[in-house]
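What follows is the content of run28.tsv (TSV, C-alpha atoms).
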```
chain	number	residue	atom	x	y	z
A	75	MET	CA	0.00	0.00	0.00
A	76	PRO	CA	1.20	3.58	-0.50
A	77	GLY	CA	3.47	4.69	2.30
A	78	ALA	CA	4.08	1.16	3.56
A	79	ALA	CA	7.57	0.43	4.81
A	80	PRO	CA	9.73	-1.40	2.27
A	81	ALA	CA	10.53	-5.06	2.80
A	82	PRO	CA	13.91	-5.67	4.44
A	83	LEU	CA	16.72	-5.65	1.89
A	84	SER	CA	19.74	-7.94	2.34
A	85	ILE	CA	22.94	-8.93	0.51
A	86	LEU	CA	24.37	-12.26	-0.62
A	87	ASP	CA	28.11	-12.05	-1.35
A	88	LEU	CA	30.30	-14.60	-3.14
A	89	SER	CA	33.57	-12.73	-2.51
A	90	PRO	CA	34.13	-12.51	-6.27
A	91	VAL	CA	37.69	-12.51	-7.60
A	92	SER	CA	38.07	-10.21	-10.59
A	93	GLU	CA	40.32	-10.75	-13.58
A	94	GLY	CA	43.70	-9.22	-12.74
A	95	SER	CA	43.01	-9.21	-9.00
A	96	SER	CA	43.67	-11.69	-6.18
A	97	VAL	CA	41.86	-13.87	-3.68
A	98	GLY	CA	43.17	-11.74	-0.81
A	99	ALA	CA	41.77	-8.60	-2.43
A	100	ALA	CA	38.40	-10.32	-2.91
A	101	LEU	CA	38.20	-11.23	0.77
A	102	ARG	CA	39.20	-7.73	1.87
A	103	ASN	CA	36.59	-6.33	-0.52
A	104	THR	CA	33.95	-8.47	1.18
A	105	ILE	CA	34.85	-7.00	4.57
A	106	ASP	CA	34.74	-3.50	3.11
A	107	LEU	CA	31.39	-4.06	1.40
A	108	ALA	CA	29.91	-5.50	4.60
A	109	ARG	CA	30.90	-2.36	6.52
A	110	ARG	CA	29.35	-0.18	3.81
A	111	ALA	CA	26.23	-2.35	3.64
A	112	GLU	CA	25.71	-1.88	7.35
A	113	SER	CA	25.85	1.89	6.96
A	114	PHE	CA	23.54	1.79	3.90
A	115	GLY	CA	20.83	0.08	5.96
A	116	TYR	CA	20.89	-3.51	4.69
A	117	HIS	CA	19.29	-6.00	7.06
A	118	ARG	CA	21.59	-9.02	6.59
A	119	TYR	CA	24.89	-9.82	4.95
A	120	TRP	CA	25.19	-13.43	3.86
A	121	VAL	CA	28.11	-15.24	2.24
A	122	ALA	CA	27.84	-18.25	-0.04
A	123	GLU	CA	29.70	-21.56	0.01
A	124	HIS	CA	31.47	-22.50	-3.23
A	125	HIS	CA	34.48	-24.73	-3.72
A	126	PHE	CA	37.33	-25.01	-6.25
A	127	THR	CA	36.28	-21.98	-8.32
A	128	PRO	CA	38.94	-19.48	-9.43
A	129	GLY	CA	36.49	-16.59	-9.36
A	130	VAL	CA	34.77	-17.13	-6.00
A	131	ALA	CA	36.59	-16.87	-2.66
A	132	SER	CA	33.74	-17.69	-0.26
A	133	SER	CA	34.56	-21.33	0.36
A	134	SER	CA	34.44	-21.25	4.18
A	135	PRO	CA	31.33	-19.35	5.35
A	136	ALA	CA	31.89	-19.69	9.10
A	137	VAL	CA	35.42	-18.27	8.90
A	138	LEU	CA	34.31	-15.39	6.70
A	139	ILE	CA	31.25	-14.69	8.85
A	140	GLY	CA	33.50	-14.30	11.89
A	141	ALA	CA	35.66	-11.76	10.09
A	142	ILE	CA	32.61	-9.82	8.87
A	143	ALA	CA	30.92	-9.83	12.28
A	144	ALA	CA	34.12	-8.55	13.88
A	145	ALA	CA	34.28	-5.68	11.38
A	146	THR	CA	30.63	-4.64	11.85
A	147	SER	CA	28.39	-4.00	14.83
A	148	ALA	CA	24.69	-4.22	13.96
A	149	ILE	CA	23.99	-5.97	10.65
A	150	ARG	CA	23.02	-9.66	10.83
A	151	VAL	CA	25.67	-11.93	9.27
A	152	GLY	CA	25.14	-15.43	7.98
A	153	SER	CA	25.53	-18.20	5.42
A	154	GLY	CA	23.71	-18.57	2.16
A	155	ALA	CA	24.17	-21.48	2.45
A	156	VAL	CA	26.23	-24.06	4.34
A	157	GLN	CA	26.10	-27.17	2.14
A	158	LEU	CA	25.12	-30.06	4.40
A	159	GLY	CA	26.40	-32.68	2.01
A	160	HIS	CA	29.93	-31.59	2.91
A	161	GLN	CA	29.68	-31.32	6.71
A	162	THR	CA	28.22	-33.13	9.68
A	163	PRO	CA	25.46	-31.51	11.75
A	164	ALA	CA	27.82	-31.48	14.75
A	165	ALA	CA	30.50	-29.54	12.86
A	166	VAL	CA	27.91	-27.01	11.68
A	167	VAL	CA	26.45	-26.52	15.16
A	168	GLU	CA	29.85	-26.10	16.80
A	169	ALA	CA	31.03	-23.58	14.18
A	170	PHE	CA	27.88	-21.47	14.29
A	171	GLY	CA	27.53	-21.92	18.03
A	172	THR	CA	30.98	-20.36	18.37
A	173	LEU	CA	29.88	-17.44	16.19
A	174	ALA	CA	26.64	-17.04	18.11
A	175	GLU	CA	28.49	-16.92	21.44
A	176	LEU	CA	30.90	-14.28	20.12
A	177	TYR	CA	28.25	-12.20	18.32
A	178	PRO	CA	24.93	-12.92	20.10
A	179	GLY	CA	21.76	-11.93	18.29
A	180	ARG	CA	23.50	-11.34	14.95
A	181	ILE	CA	24.25	-14.74	13.40
A	182	ASP	CA	22.16	-16.51	10.74
A	183	LEU	CA	22.66	-20.17	9.91
A	184	GLY	CA	21.40	-20.76	6.38
A	185	ILE	CA	21.69	-24.35	5.20
A	186	GLY	CA	21.15	-26.08	1.86
A	187	ARG	CA	21.57	-29.43	0.18
A	188	SER	CA	24.72	-30.02	-1.84
A	189	GLY	CA	25.09	-31.09	-5.44
A	190	LYS	CA	26.56	-34.38	-4.26
A	191	ARG	CA	23.35	-35.21	-2.43
A	192	ARG	CA	21.24	-34.34	-5.47
A	193	ALA	CA	23.47	-36.46	-7.68
A	194	LYS	CA	22.77	-39.48	-5.47
A	195	GLU	CA	19.03	-38.86	-5.56
A	196	ARG	CA	18.78	-38.71	-9.33
A	197	GLY	CA	20.91	-41.80	-9.94
A	198	GLU	CA	23.66	-42.03	-12.50
A	199	HIS	CA	21.64	-40.85	-15.49
A	200	GLY	CA	18.25	-39.75	-14.18
A	201	PRO	CA	17.08	-36.15	-13.79
A	202	VAL	CA	17.95	-33.94	-10.84
A	203	ARG	CA	14.90	-33.42	-8.65
A	204	GLY	CA	13.19	-30.08	-8.79
A	205	GLN	CA	14.43	-27.87	-11.59
A	206	ASP	CA	15.46	-30.67	-13.92
A	207	GLU	CA	12.07	-32.35	-13.60
A	208	ALA	CA	10.24	-29.26	-14.85
A	209	PRO	CA	8.77	-29.64	-18.33
A	210	ALA	CA	10.58	-27.97	-21.22
A	211	THR	CA	8.51	-24.88	-21.98
A	212	GLY	CA	9.14	-21.45	-23.42
A	213	PRO	CA	9.55	-18.30	-21.33
A	214	ARG	CA	6.44	-16.87	-19.72
A	215	THR	CA	5.50	-14.19	-17.24
A	216	GLU	CA	3.63	-14.54	-13.97
A	217	ASN	CA	2.33	-11.35	-12.41
A	218	GLY	CA	4.85	-9.45	-14.53
A	219	LEU	CA	7.83	-11.64	-13.55
A	220	LEU	CA	9.81	-13.39	-16.29
A	221	ILE	CA	9.91	-17.15	-15.81
A	222	PRO	CA	12.42	-18.64	-18.27
A	223	PRO	CA	12.61	-22.29	-19.34
A	224	PRO	CA	14.41	-24.47	-16.79
A	225	PHE	CA	18.11	-25.22	-17.08
A	226	SER	CA	19.24	-28.79	-16.49
A	227	SER	CA	22.43	-29.20	-14.48
A	228	ALA	CA	22.39	-32.99	-14.66
A	229	TYR	CA	25.19	-33.22	-17.20
A	230	LEU	CA	27.43	-30.99	-15.07
A	231	MET	CA	27.12	-33.40	-12.16
A	232	ARG	CA	28.35	-36.25	-14.34
A	233	THR	CA	31.53	-34.49	-15.45
A	234	PRO	CA	34.93	-35.75	-14.22
A	235	ARG	CA	35.62	-32.34	-12.69
A	236	PHE	CA	32.46	-32.40	-10.58
A	237	LYS	CA	33.15	-35.95	-9.41
A	238	ALA	CA	36.75	-35.10	-8.48
A	239	GLN	CA	35.67	-32.05	-6.51
A	240	SER	CA	32.93	-33.97	-4.73
A	241	ALA	CA	35.44	-36.61	-3.67
A	242	LEU	CA	37.58	-33.95	-2.00
A	243	LEU	CA	34.65	-32.65	0.05
A	244	GLN	CA	33.87	-35.90	1.88
A	245	GLN	CA	35.84	-38.54	3.69
A	246	PRO	CA	36.29	-41.78	1.71
A	247	GLU	CA	33.22	-44.03	1.91
A	248	ALA	CA	31.25	-41.35	3.78
A	249	GLN	CA	27.49	-41.39	3.14
A	250	THR	CA	25.45	-38.21	3.35
A	251	PRO	CA	22.29	-38.75	5.43
A	252	ASP	CA	18.85	-37.62	4.35
A	253	PHE	CA	18.57	-33.82	4.36
A	254	GLY	CA	15.58	-33.83	6.69
A	255	GLU	CA	17.46	-36.01	9.17
A	256	GLN	CA	20.41	-33.62	9.08
A	257	VAL	CA	18.16	-30.64	9.80
A	258	ASP	CA	16.55	-32.53	12.69
A	259	ASP	CA	19.98	-33.29	14.14
A	260	ILE	CA	21.11	-29.66	13.90
A	261	LEU	CA	17.97	-28.43	15.65
A	262	ALA	CA	18.25	-31.10	18.35
A	263	LEU	CA	21.89	-30.18	19.04
A	264	LEU	CA	21.04	-26.47	19.19
A	265	HIS	CA	18.08	-27.08	21.51
A	266	GLY	CA	19.82	-29.60	23.76
A	267	THR	CA	17.47	-32.49	22.90
A	268	TYR	CA	19.86	-34.68	20.90
A	269	SER	CA	20.36	-38.24	22.01
A	270	SER	CA	21.92	-41.36	20.51
A	271	ALA	CA	21.22	-44.82	21.94
A	272	GLY	CA	19.66	-43.12	24.93
A	273	ILE	CA	22.73	-40.95	25.58
A	274	GLY	CA	22.20	-37.19	25.57
A	275	ILE	CA	24.88	-35.22	23.74
A	276	GLU	CA	25.50	-31.49	23.88
A	277	ALA	CA	27.67	-29.38	21.58
A	278	THR	CA	30.05	-26.89	23.17
A	279	PRO	CA	29.80	-24.24	21.83
A	280	GLY	CA	26.45	-24.75	20.15
A	281	THR	CA	23.79	-26.15	22.45
A	282	GLY	CA	21.67	-23.34	23.83
A	283	THR	CA	22.81	-20.76	21.27
A	284	ASP	CA	20.35	-19.00	18.99
A	285	PRO	CA	21.58	-18.53	15.41
A	286	GLU	CA	18.60	-17.71	13.21
A	287	PHE	CA	18.04	-20.92	11.27
A	288	TRP	CA	17.14	-20.73	7.56
A	289	VAL	CA	16.63	-23.29	4.82
A	290	LEU	CA	17.56	-22.32	1.26
A	291	GLY	CA	16.07	-24.03	-1.78
A	292	THR	CA	15.83	-23.84	-5.55
A	293	SER	CA	12.62	-25.77	-6.21
A	294	GLY	CA	9.48	-27.09	-4.57
A	295	GLY	CA	11.29	-30.24	-3.46
A	296	GLN	CA	12.60	-31.45	-0.14
A	297	SER	CA	14.26	-28.24	1.06
A	298	ALA	CA	11.05	-26.21	0.74
A	299	GLN	CA	8.97	-28.98	2.29
A	300	VAL	CA	11.33	-29.50	5.25
A	301	ALA	CA	11.44	-25.76	5.94
A	302	GLY	CA	7.65	-25.55	5.84
A	303	ALA	CA	6.99	-28.64	7.94
A	304	LEU	CA	9.36	-27.41	10.67
A	305	GLY	CA	8.08	-23.84	10.62
A	306	LEU	CA	11.43	-22.34	9.59
A	307	PRO	CA	12.09	-19.31	7.37
A	308	PHE	CA	12.83	-20.16	3.73
A	309	ALA	CA	14.94	-18.47	1.04
A	310	ALA	CA	14.05	-19.11	-2.62
A	311	SER	CA	16.62	-18.49	-5.34
A	312	TYR	CA	15.54	-16.46	-8.38
A	313	HIS	CA	19.15	-15.57	-9.16
A	314	ILE	CA	20.19	-19.22	-9.69
A	315	THR	CA	17.01	-21.06	-10.68
A	316	PRO	CA	14.50	-18.47	-11.90
A	317	ALA	CA	12.35	-21.17	-13.54
A	318	THR	CA	11.30	-22.67	-10.21
A	319	THR	CA	11.31	-19.78	-7.73
A	320	ILE	CA	7.54	-19.34	-7.54
A	321	GLU	CA	7.12	-23.11	-7.26
A	322	ALA	CA	9.60	-23.16	-4.36
A	323	ALA	CA	7.79	-20.41	-2.44
A	324	GLU	CA	4.39	-21.99	-3.02
A	325	SER	CA	5.57	-25.47	-1.98
A	326	TYR	CA	7.04	-24.03	1.22
A	327	ARG	CA	3.84	-22.22	2.11
A	328	ALA	CA	1.73	-25.30	1.38
A	329	ALA	CA	3.89	-27.37	3.74
A	330	PHE	CA	4.12	-24.72	6.46
A	331	ARG	CA	3.17	-25.53	10.03
A	332	PRO	CA	3.37	-22.84	12.74
A	333	SER	CA	6.26	-23.28	15.16
A	334	ALA	CA	7.87	-21.62	18.14
A	335	VAL	CA	10.08	-19.86	15.57
A	336	LEU	CA	7.40	-18.61	13.18
A	337	PRO	CA	3.61	-18.29	13.50
A	338	ALA	CA	3.32	-17.80	9.71
A	339	PRO	CA	5.49	-18.50	6.63
A	340	TYR	CA	8.42	-16.18	5.97
A	341	VAL	CA	9.98	-16.13	2.52
A	342	MET	CA	13.07	-14.33	1.32
A	343	VAL	CA	13.71	-14.29	-2.43
A	344	SER	CA	17.05	-13.60	-4.10
A	345	ALA	CA	17.91	-11.73	-7.30
A	346	ASP	CA	21.04	-10.74	-9.20
A	347	ALA	CA	21.21	-6.97	-9.71
A	348	VAL	CA	23.66	-4.33	-10.88
A	349	VAL	CA	22.76	-0.68	-10.32
A	350	ALA	CA	24.30	2.49	-11.70
A	351	GLU	CA	23.17	6.06	-12.25
A	352	THR	CA	21.67	5.18	-15.65
A	353	ASP	CA	20.35	2.05	-17.35
A	354	ALA	CA	23.09	2.27	-19.97
A	355	ARG	CA	25.89	2.49	-17.42
A	356	ALA	CA	24.51	-0.41	-15.40
A	357	GLN	CA	24.34	-2.57	-18.51
A	358	GLU	CA	27.98	-1.71	-19.24
A	359	LEU	CA	28.94	-2.80	-15.73
A	360	ALA	CA	26.99	-6.04	-16.14
A	361	ALA	CA	28.62	-6.88	-19.48
A	362	GLY	CA	30.80	-9.65	-18.00
A	363	TYR	CA	27.93	-11.50	-16.33
A	364	GLY	CA	27.01	-13.76	-19.23
A	365	LEU	CA	30.60	-14.87	-19.80
A	366	TRP	CA	31.01	-15.53	-16.07
A	367	VAL	CA	27.83	-17.64	-15.97
A	368	ARG	CA	29.03	-19.54	-19.05
A	369	SER	CA	32.20	-20.52	-17.21
A	370	ILE	CA	30.06	-22.08	-14.47
A	371	ARG	CA	27.56	-23.75	-16.75
A	372	SER	CA	30.26	-25.20	-19.01
A	373	GLY	CA	31.67	-27.13	-16.07
A	374	ALA	CA	34.96	-25.26	-15.71
A	375	GLY	CA	33.99	-23.46	-12.50
A	376	ALA	CA	33.42	-19.72	-12.05
A	377	MET	CA	36.15	-17.81	-13.84
A	378	ARG	CA	37.67	-14.64	-12.43
A	379	TYR	CA	35.10	-11.99	-13.18
A	380	PRO	CA	35.94	-10.64	-16.64
A	381	SER	CA	36.65	-7.06	-17.57
A	382	ALA	CA	34.49	-5.28	-20.11
A	383	ALA	CA	37.25	-5.76	-22.69
A	384	ALA	CA	37.41	-9.51	-22.10
A	385	ALA	CA	33.64	-9.78	-22.31
A	386	ALA	CA	33.56	-7.80	-25.57
A	387	ALA	CA	36.28	-9.96	-27.12
A	388	PHE	CA	34.48	-13.25	-26.51
A	389	ARG	CA	32.90	-14.81	-29.59
A	390	TRP	CA	29.53	-16.22	-28.64
A	391	THR	CA	27.91	-19.20	-30.33
A	392	GLY	CA	24.23	-20.02	-30.27
A	393	GLU	CA	24.98	-22.88	-27.91
A	394	ASP	CA	26.81	-20.52	-25.56
A	395	ARG	CA	23.90	-18.10	-25.46
A	396	ALA	CA	21.39	-20.87	-24.81
A	397	LEU	CA	23.56	-22.03	-21.91
A	398	VAL	CA	23.19	-18.73	-20.04
A	399	GLU	CA	19.93	-17.27	-21.35
A	400	ASP	CA	17.83	-17.97	-18.25
A	401	ARG	CA	20.35	-16.24	-15.98
A	402	VAL	CA	21.14	-13.28	-18.25
A	403	SER	CA	17.47	-12.56	-19.00
A	404	THR	CA	16.59	-12.49	-15.29
A	405	GLN	CA	19.47	-10.31	-14.10
A	406	PHE	CA	18.26	-6.83	-13.16
A	407	ALA	CA	20.72	-4.24	-14.51
A	408	GLY	CA	19.68	-0.61	-14.59
A	409	SER	CA	19.19	2.64	-12.78
A	410	PRO	CA	18.03	2.60	-9.16
A	411	GLN	CA	14.45	3.18	-10.30
A	412	THR	CA	14.60	0.39	-12.91
A	413	VAL	CA	16.07	-2.22	-10.57
A	414	ALA	CA	13.79	-1.32	-7.66
A	415	LYS	CA	10.80	-1.72	-10.00
A	416	HIS	CA	11.96	-5.22	-11.03
A	417	LEU	CA	12.62	-6.22	-7.43
A	418	ARG	CA	9.12	-5.13	-6.42
A	419	ILE	CA	7.67	-7.22	-9.26
A	420	LEU	CA	9.71	-10.18	-7.99
A	421	GLN	CA	8.57	-9.53	-4.43
A	422	ASP	CA	4.91	-9.31	-5.47
A	423	ALA	CA	5.04	-12.39	-7.71
A	424	THR	CA	6.53	-14.53	-4.94
A	425	ALA	CA	4.77	-12.75	-2.04
A	426	ALA	CA	8.22	-12.45	-0.48
A	427	ASP	CA	8.68	-10.93	2.96
A	428	GLU	CA	12.32	-9.99	2.33
A	429	VAL	CA	14.57	-9.44	-0.69
A	430	LEU	CA	18.16	-10.75	-0.95
A	431	VAL	CA	20.35	-9.15	-3.62
A	432	THR	CA	23.59	-10.37	-5.08
A	433	GLY	CA	25.61	-8.72	-7.83
A	434	ILE	CA	29.12	-8.62	-9.27
A	435	THR	CA	31.03	-5.96	-11.16
A	436	HIS	CA	34.63	-6.02	-12.29
A	437	ARG	CA	35.63	-3.09	-10.07
A	438	HIS	CA	34.94	-3.18	-6.35
A	439	GLU	CA	34.02	0.50	-6.21
A	440	ASP	CA	31.28	-0.04	-8.79
A	441	ARG	CA	29.83	-2.86	-6.72
A	442	VAL	CA	29.82	-0.74	-3.57
A	443	ARG	CA	28.11	2.07	-5.48
A	444	SER	CA	25.55	-0.38	-6.89
A	445	PHE	CA	24.46	-1.48	-3.43
A	446	GLU	CA	24.48	2.10	-2.14
A	447	LEU	CA	22.19	3.34	-4.93
A	448	LEU	CA	19.81	0.44	-4.51
A	449	ALA	CA	19.51	0.86	-0.73
A	450	ARG	CA	18.75	4.55	-1.14
A	451	GLU	CA	16.08	3.93	-3.80
A	452	TRP	CA	14.54	1.05	-1.87
A	453	GLY	CA	14.14	3.21	1.22
A	454	ALA	CA	16.47	1.31	3.54
A	455	ALA	CA	17.16	3.26	6.72
A	456	PRO	CA	20.87	4.21	6.88
A	457	ARG	CA	22.78	3.40	10.04
A	458	LEU	CA	24.93	6.24	11.29
```

Would you write the structure of this file as structure tokens?
Amino acid sequence: MPGAAPAPLSILDLSPVSEGSSVGAALRNTIDLARRAESFGYHRYWVAEHHFTPGVASSSPAVLIGAIAAATSAIRVGSGAVQLGHQTPAAVVEAFGTLAELYPGRIDLGIGRSGKRRAKERGEHGPVRGQDEAPATGPRTENGLLIPPPFSSAYLMRTPRFKAQSALLQQPEAQTPDFGEQVDDILALLHGTYSSAGIGIEATPGTGTDPEFWVLGTSGGQSAQVAGALGLPFAASYHITPATTIEAAESYRAAFRPSAVLPAPYVMVSADAVVAETDARAQELAAGYGLWVRSIRSGAGAMRYPSAAAAAAFRWTGEDRALVEDRVSTQFAGSPQTVAKHLRILQDATAADEVLVTGITHRHEDRVRSFELLAREWGAAPRL
């Protein structure tokens, strides 16, 4: 309604490494952006978990969260998301329990399923659940929001590179438990109700701490259903899987049961956005995005974020463009007014309670400016 307060606006950061820069610079840039985001009025600052990618430095969320929390004072800091296929519930609870003890009232624990788990569920050659099961259709709009055809990642998970990386992320012969069982174990350890063979076990640090617990998902599958059934907040990803974002939010709400945490569903939806003073300038800054996405989708891993010159020099094929079309067509690049308009359409189409924005530019100062302009246009309240 007119005059209503804007939905909380938050940031998801990958600690991107730019072409010609370094991993150390990327991590320092994350700390700097987090400080700025706090002053701009963002509600949360989350970091992703990605492994073995030259262009992404956020491989250890708990370590990075500690550094960010130490450099800030008010903004919530968390993970988007810890991949449970790579860690035990006990390790997650102890790491985030440590953070929650050091920075009480500010830590978010966002968890998600890993690609390794999904690969097991689909079998050697079957489809990945969720996005890959969606029927092949053309692009459409729902309530003004572009819904592109789904992208299948099944072939990526069968590549030698993916298999080699997955092997490094688990102990030999280790078996990842069911996702719902892992979530139950984390909650039991946090709440002090965990027992095995009649023996109660507490995590120190961990048991009795209060990190805000989130489930992240890309479809209407198990993640959305577990979050709903347990009455937990849920984050749906438009910036990675735009084809199934509405489905994910609807599945979560259908499964929702009130809990001590939430009396009603709470959905955060993510988007990729680049903001500049004009539409034309923002589109210039976003020029490397398609090439960067291609590096991920081709199975090589995220490349160092390309300069405008490198992006302009690349010779695209029709196959290349088809590989990235769903991501490029759903990135919001424009002036503050243009991007805020698209984010409100996304919020309305998904009935989201909160908006999570990610975005990469080649130069750090352009990324900082992008988030500053967006916060101002959105109406976020600056922190002095």

Could you please determine the separation between CA of Gly171 (chain A) and CA of Thr281 (chain A) in Å, to one decimal place?
7.2 Å

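Straight-line separation from CA of Ala317 (chain A) to CA of Ala407 (chain A): 18.9 Å.
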
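The coordinates place CA of Val398 (chain A) at 17.7 Å from CA of Glu358 (chain A).
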
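Checking A:Ser113, A:Thr424, A:Thr283, A:Thr162 one by one against Gly179 (chain A), counting only C-alpha atoms, you find the shortest gap at A:Thr283.
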
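Considering all atoms listed in the file, the residue among A:Ala155, A:Met377, A:Val167, A:Val402 positioned nearest to Val289 (chain A) is A:Ala155.
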
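For region 412-415 of chain A, the residues within 9 Å (counting only C-alpha atoms, excluding itself and residues fewer than 3 positions away along the chain) are A:Ala347, A:Val348, A:Val349, A:Thr352, A:Asp353, A:Phe406, A:Ala407, A:Gly408, A:Ser409, A:Arg418, A:Ile419, A:Leu420, A:Leu448, A:Glu451, A:Trp452.
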
Hey, what's within 8 Å of region 438-441 of chain A if we count only C-alpha atoms and toss same-chain stuff fewer than 3 positions away? As a short mmCIF file (atom, residue, chain, number, x, y, z; two decimals) with C-alpha atoms, keeping the file's coordinate frame, please?
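Heads up, here's the output in around-v8.cif:
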```
data_model
loop_
_atom_site.label_atom_id
_atom_site.label_comp_id
_atom_site.auth_asym_id
_atom_site.auth_seq_id
_atom_site.Cartn_x
_atom_site.Cartn_y
_atom_site.Cartn_z
CA ASN A 103 36.59 -6.33 -0.52
CA VAL A 348 23.66 -4.33 -10.88
CA ALA A 350 24.30 2.49 -11.70
CA LEU A 359 28.94 -2.80 -15.73
CA GLY A 433 25.61 -8.72 -7.83
CA ILE A 434 29.12 -8.62 -9.27
CA THR A 435 31.03 -5.96 -11.16
CA SER A 444 25.55 -0.38 -6.89
CA PHE A 445 24.46 -1.48 -3.43
#
```
